Amino acid sequence: MPADPTPALAPTTTASSAHNAADWIRRHAERAGDRLALVDADRRLSYADLEARVARLATWLEAQGIRRGDRVGLIVGNRTPNLETVFAVARIGAVVLPINTRLSPGEVCFLLDDSRATGLVHEPHFRDLADAACEKAKVAPEVRLEVGPDYEAALEASEPRAEVEAVSPEDPMILMYTSGTTGRPKGALLPHRKALYNSKNAEIYFEITPDDRVLVVSPLFHSLGLQILSLPVMYCGGSLVLQAHFDPEELLDAVAREAITYMGAVPTVYQRLLDAIDAGGAGHYTLSSLRLLFVAGAAASAELVRAYQRHGLVLVQGYGQTESSTLTCLAGVDAERKAGSVGLPVHHAELRIVDRDTLAGPVADWQDVAQGVAGEIVVRGPIVMLGYWERPEANAETLRDGWLRTGDLATRDEEGFITLVGRSREMFISGGENVYPAEIEARYLEHPAVREIAVVGVPDPRWGETGRAHVVLEPGASASEEDLVAYGREHLARFKIPTAFVFEDELPKTASGKVQKHRLG
């Protein structure tokens with residue numbers, strides 16, 4: 001593991017503009033303003049350009065009434081206005097709310113209502129989604145701005161806000177929602193402190209320098225795209241190349257054109273990239289600039305790691321959560337030797353694997369498992385969230401005396417390398433998206449024909465996993481698989497809709513009435 005190139009800051013609650021992540025952009029603009037910061041399909045921005053646009057947008061947001069602590073929704077794809085908004089909102093001490101662009105209007109409405117968002121920035125492509133969500137909202141955001149002519153006019157009409165708001169490390173910066181076992185999405189409240197120390201961890205493990213050019217095809221509304229890839233590069237003064245959508249050939253062309261040094265994605269993306277590389281033949285794509293490929297969101301198979309190594313490319317595995325960002329990383333030198341592992345704990349965190357039977361008791365009584373024995377991963381340190389937005393019950397369950405319970409099960413070998421072996425909760429991962437069966441089940445139970453439903457993750461050759469729903473209908477009711485798919489399209493993001501529905505007379509249950517999902521074949 002490389003040495004930490006930047007010393008840890010002493011814990012403090014004192015407010016300072018230096019604690020604000022937006023100050024990273026101002027600092028780079030002062031020191032190396034001509035250096036390339038952001039690239040998308042429409043523009044190329046130096047750090048001086050980015051600083052000017054962020055400062056003008058911050059002025060406009062304040063002029064519209066956005067204040068410190070307010071939540072500002074963001075329905076924008078992988079385009080420069082996305083990160084401009086992230087830093088502009090931080091610059092005035094407000095909180096950005098990245099919204100999954102694949103959600104349904106009802107799901108977006110819930111996020112706006114739950115967070116009580118006062119602002120919303122969106123692309124024209126998502127205007128209908130934003131309009132429908134705001135129409136349903138109890139109190140729609142008062143401030144709206146559409147990327148395009150209106151956005152550019154707002155910047156042009158605003159003077160740059162020279163000051164970066166003074167914040168403490170514990171002040172919130174990002175509110176990122178994640179679904180959960182209760183079926184009700186929860187907002188993980190992420191402070192400036194977390195953005196800093198997660199970036200410092202990435203600086204160590206990715207060995208980031210200002211010369212790096214990093215391609216981001218993972219959505220910026222996810223932790224991988226925003227927190228693990230983009231923010232660390234902005235912290236270190238490197239360059240980001242944003243891809244609005246995933247196309248294997250376009251991505252590989254961008255790697256050559258922009259001399260990309262590393263990127264990050266989920267295993268399904270790397271499998272499709274590998275297919276394209278193999279189809280192109282040796283020498284068809286220029287990939288010599290790549291020094292590593294980071295994979296997260298699910299475990300990469302040893303076969304996939306070795307397939308990339310045959311092309312001279314190092315596939316590095318990582319593991320993390322929205323609530324904590326990166327928790328472990330497998331260094332390139334160990335990629336093949338430890339294929340299947342998610343690596344060693346990051347520098348700025350303390351990680352344990354605890355016997356689940358002891359977790360219900362006081363933290364002082366928690367017992368670490370022996371080598372090779374499965375336990376639950378728990379973590380504490382500066383990369384951990386503040387807590388869930390207005391969810392005291394969830395906080396009491398997940399946060400214990402500074403420790404975050406991940407719900408993920410793992411083993412540790414004699415060298416300290418960690419391997420995931422399962423999830424103590426029922427989440428599965430489909431195409432890099434976390435899918436929580438309880439959320440899907442809760443929505444389908446609102447269907448008048450559905451009496452009971454149990455959703456399980458099943459293997460899928462394209463997406464890794466998809467959902468299969470086992471359904472018991474109300475007596476005398478009828479519904480076809482097509483009916484239930486159509487209902488899902490109306491109420492859920494497409495990736496959450498089960499790909500198969502199995503109609504059952506009854507679901508297997510324990511004596512206490514709990515569904516035995518392991519018996520759903």
# chains A, B, ... in the order shown; residues from 1 in each chain; ligands from 1
>>> residues_around(residues="stretch 460-464 of chain A", least_positions_apart="6", cutoff="8 Å", atoms="only C-alpha atoms", output="mmCIF file with N, CA and C atoms, in the first residue's frame")
data_model
loop_
_atom_site.group_PDB
_atom_site.id
_atom_site.type_symbol
_atom_site.label_atom_id
_atom_site.label_comp_id
_atom_site.auth_asym_id
_atom_site.auth_seq_id
_atom_site.Cartn_x
_atom_site.Cartn_y
_atom_site.Cartn_z
ATOM 1 N N THR A 268 -20.459 -5.838 -14.998
ATOM 2 C CA THR A 268 -21.186 -6.032 -16.258
ATOM 3 C C THR A 268 -20.647 -5.127 -17.360
ATOM 4 N N ILE A 429 -27.749 -7.000 -6.689
ATOM 5 C CA ILE A 429 -27.189 -5.957 -7.544
ATOM 6 C C ILE A 429 -27.475 -6.319 -8.994
ATOM 7 N N SER A 430 -28.179 -5.429 -9.683
ATOM 8 C CA SER A 430 -28.554 -5.652 -11.074
ATOM 9 C C SER A 430 -27.935 -4.565 -11.942
ATOM 10 N N GLY A 431 -26.955 -4.944 -12.757
ATOM 11 C CA GLY A 431 -26.301 -3.974 -13.621
ATOM 12 C C GLY A 431 -25.666 -2.827 -12.861
ATOM 13 N N GLY A 432 -25.185 -3.101 -11.653
ATOM 14 C CA GLY A 432 -24.557 -2.077 -10.836
ATOM 15 C C GLY A 432 -25.507 -1.310 -9.953
#
>>> residues_around(residues="stretch 291-304 of chain A", least_positions_apart="4", cutoff="8 Å", atoms="only C-alpha atoms", output="PyMOL selection string")
chain A and resi 224+261-267+271+308+313-320+332+336+339-342+420+429+432-433
>>> residues_around(residues="A:Val216", least_positions_apart="2", cutoff="9 Å", atoms="only C-alpha atoms", output="MDAnalysis selection string")
chainID A and resid 78 214 218:220 225:226 229:230 240:244 263:265
>>> closest_residue(among="A:Thr14, A:Ser115, A:Thr358, A:Gln516", to="A:Trp389", atoms="only C-alpha atoms")
A:Ser115
>>> residues_around(residues="A:Asn100", least_positions_apart="3", cutoff="8 Å", atoms="only C-alpha atoms", output="ChimeraX atom specification")
/A:75,103,221-222
>>> write_last_selection(atoms="N, CA and C atoms", output="mmCIF file, in the first residue's frame")
data_model
loop_
_atom_site.group_PDB
_atom_site.id
_atom_site.type_symbol
_atom_site.label_atom_id
_atom_site.label_comp_id
_atom_site.auth_asym_id
_atom_site.auth_seq_id
_atom_site.Cartn_x
_atom_site.Cartn_y
_atom_site.Cartn_z
ATOM 1 N N ILE A 75 -31.212 16.424 -11.213
ATOM 2 C CA ILE A 75 -31.581 15.377 -12.174
ATOM 3 C C ILE A 75 -30.833 15.673 -13.469
ATOM 4 N N LEU A 103 -35.398 6.744 -12.063
ATOM 5 C CA LEU A 103 -36.549 6.569 -11.185
ATOM 6 C C LEU A 103 -37.846 7.007 -11.868
ATOM 7 N N PHE A 221 -25.098 10.089 -10.139
ATOM 8 C CA PHE A 221 -26.048 10.015 -9.027
ATOM 9 C C PHE A 221 -25.765 8.823 -8.122
ATOM 10 N N HIS A 222 -24.732 8.040 -8.469
ATOM 11 C CA HIS A 222 -24.319 6.920 -7.633
ATOM 12 C C HIS A 222 -23.007 7.235 -6.928
#
>>> closest_residue(among="A:His348, A:Arg44, A:Arg184, A:Arg68", to="A:Ile383", atoms="only C-alpha atoms")
A:His348
>>> residues_around(residues="stretch 280-288 of chain A", least_positions_apart="6", cutoff="8 Å", atoms="only C-alpha atoms", output="list of chain:residue names")
A:Leu252, A:Asp253, A:Val255, A:Ala256
>>> write_last_selection(atoms="N, CA and C atoms", output="short mmCIF file (atom, residue, chain, number, x, y, z; two decimals), in the first residue's frame")
data_model
loop_
_atom_site.label_atom_id
_atom_site.label_comp_id
_atom_site.auth_asym_id
_atom_site.auth_seq_id
_atom_site.Cartn_x
_atom_site.Cartn_y
_atom_site.Cartn_z
N LEU A 252 -14.14 2.99 -25.57
CA LEU A 252 -12.78 2.63 -25.93
C LEU A 252 -12.14 3.68 -26.82
N ASP A 253 -12.92 4.30 -27.70
CA ASP A 253 -12.41 5.40 -28.52
C ASP A 253 -12.01 6.58 -27.63
N VAL A 255 -11.02 6.46 -24.52
CA VAL A 255 -9.79 6.11 -23.81
C VAL A 255 -8.57 6.49 -24.64
N ALA A 256 -8.61 6.18 -25.93
CA ALA A 256 -7.48 6.50 -26.81
C ALA A 256 -7.39 8.00 -27.07
#
>>> residues_around(residues="A:Val139", least_positions_apart="5", cutoff="10 Å", atoms="only C-alpha atoms", output="list in words")
Cys109, Leu112, Asp113, Arg116, Ala117, Thr118 and Cys134 of chain A
>>> write_last_selection(atoms="C-alpha atoms", output="PDB file, in the first residue's frame")
ATOM      1  CA  CYS A 109     -41.572  12.881  -5.771  1.00  0.00           C
ATOM      2  CA  LEU A 112     -38.301  15.761  -3.049  1.00  0.00           C
ATOM      3  CA  ASP A 113     -40.958  15.543  -0.333  1.00  0.00           C
ATOM      4  CA  ARG A 116     -38.068  19.069   1.528  1.00  0.00           C
ATOM      5  CA  ALA A 117     -35.956  20.206  -1.407  1.00  0.00           C
ATOM      6  CA  THR A 118     -36.178  23.925  -2.136  1.00  0.00           C
ATOM      7  CA  CYS A 134     -43.170  18.292  -8.901  1.00  0.00           C
TER       8      CYS A 134
END
>>> select_by_dssp(residues="stretch 202-294 of chain A", states="strand (DSSP E or B)", output="short mmCIF file (atom, residue, chain, number, x, y, z; two decimals) with C-alpha atoms, in the first residue's frame")
data_model
loop_
_atom_site.label_atom_id
_atom_site.label_comp_id
_atom_site.auth_asym_id
_atom_site.auth_seq_id
_atom_site.Cartn_x
_atom_site.Cartn_y
_atom_site.Cartn_z
CA ARG A 213 -7.20 11.69 -16.86
CA VAL A 214 -10.09 9.67 -15.49
CA LEU A 215 -13.08 8.49 -17.48
CA VAL A 216 -16.44 8.44 -15.66
CA SER A 239 -8.97 15.78 -15.25
CA LEU A 240 -12.37 14.12 -15.61
CA VAL A 241 -13.84 12.91 -18.91
CA LEU A 242 -17.59 12.37 -18.52
CA TYR A 262 -7.91 4.90 -15.27
CA MET A 263 -11.66 4.45 -15.02
CA GLY A 264 -14.18 2.72 -12.79
CA ALA A 265 -17.28 0.67 -13.50
CA LEU A 292 -5.64 0.40 -13.99
CA LEU A 293 -9.33 -0.39 -14.24
CA PHE A 294 -11.30 -0.11 -11.01
#
>>> closest_residue(among="A:Tyr197, A:Tyr444, A:Trp60, A:Tyr436", to="A:Gly467", atoms="only C-alpha atoms")
A:Tyr436
>>> select_by_dssp(residues="stretch 243-490 of chain A", states="helix (DSSP H, G or I)", output="PyMOL selection string")
chain A and resi 248-258+267-280+302-310+332-334+356-358+363-365+392-398+437-444+481-490
>>> residues_around(residues="A:Pro141", least_positions_apart="3", cutoff="12 Å", atoms="only C-alpha atoms", output="PyMOL selection string")
chain A and resi 64-66+70-74+109+111-121+130-131+133-138+144-145
>>> atom_distance(atom1="atom CA of A:Gly372", atom2="atom CA of A:Ala410")
8.8 Å
>>> closest_residue(among="A:Glu203, A:Asp23, A:Glu152, A:Glu123", to="A:Arg91", atoms="only C-alpha atoms")
A:Asp23
>>> closest_atom_pairs(of="stretch 353-462 of chain A", to="stretch 190-196 of chain A", cutoff="10 Å", atoms="only C-alpha atoms", output="tab-separated table")
residue	atom	partner	partner_atom	distance
A:Gly381	CA	A:Lys194	CA	9.1
A:Pro382	CA	A:Lys194	CA	5.8
A:Ile383	CA	A:Lys194	CA	4.5
A:Val384	CA	A:Lys194	CA	6.5
A:Met385	CA	A:Leu190	CA	4.9
A:Leu386	CA	A:Leu190	CA	6.0
A:Gly387	CA	A:Leu190	CA	7.8
A:Tyr388	CA	A:Leu190	CA	9.0
A:Trp389	CA	A:Leu190	CA	9.8
>>> closest_atom_pairs(of="stretch 62-90 of chain A", to="stretch 153-168 of chain A", cutoff="10 Å", atoms="only C-alpha atoms", output="Markdown table")
| residue | atom | partner | partner_atom | distance |
| --- | --- | --- | --- | --- |
| A:Glu62 | CA | A:Arg161 | CA | 9.4 |
| A:Ala63 | CA | A:Ser158 | CA | 9.0 |
| A:Arg68 | CA | A:Glu165 | CA | 8.7 |
| A:Ala88 | CA | A:Val164 | CA | 9.3 |
| A:Ala90 | CA | A:Glu165 | CA | 7.9 |
>>> write_last_selection(atoms="C-alpha atoms", output="PDB file, in the first residue's frame")
ATOM      1  CA  GLU A  62     -28.383  32.528  -3.557  1.00  0.00           C
ATOM      2  CA  ALA A  63     -30.239  35.222  -5.487  1.00  0.00           C
ATOM      3  CA  ARG A  68     -27.167  27.358   3.842  1.00  0.00           C
ATOM      4  CA  ALA A  88     -21.923  25.546  -6.445  1.00  0.00           C
ATOM      5  CA  ALA A  90     -21.472  23.323  -1.570  1.00  0.00           C
TER       6      ALA A  90
END
>>> atom_distance(atom1="atom CA of A:Glu207", atom2="atom CA of A:Ile228")
13.3 Å
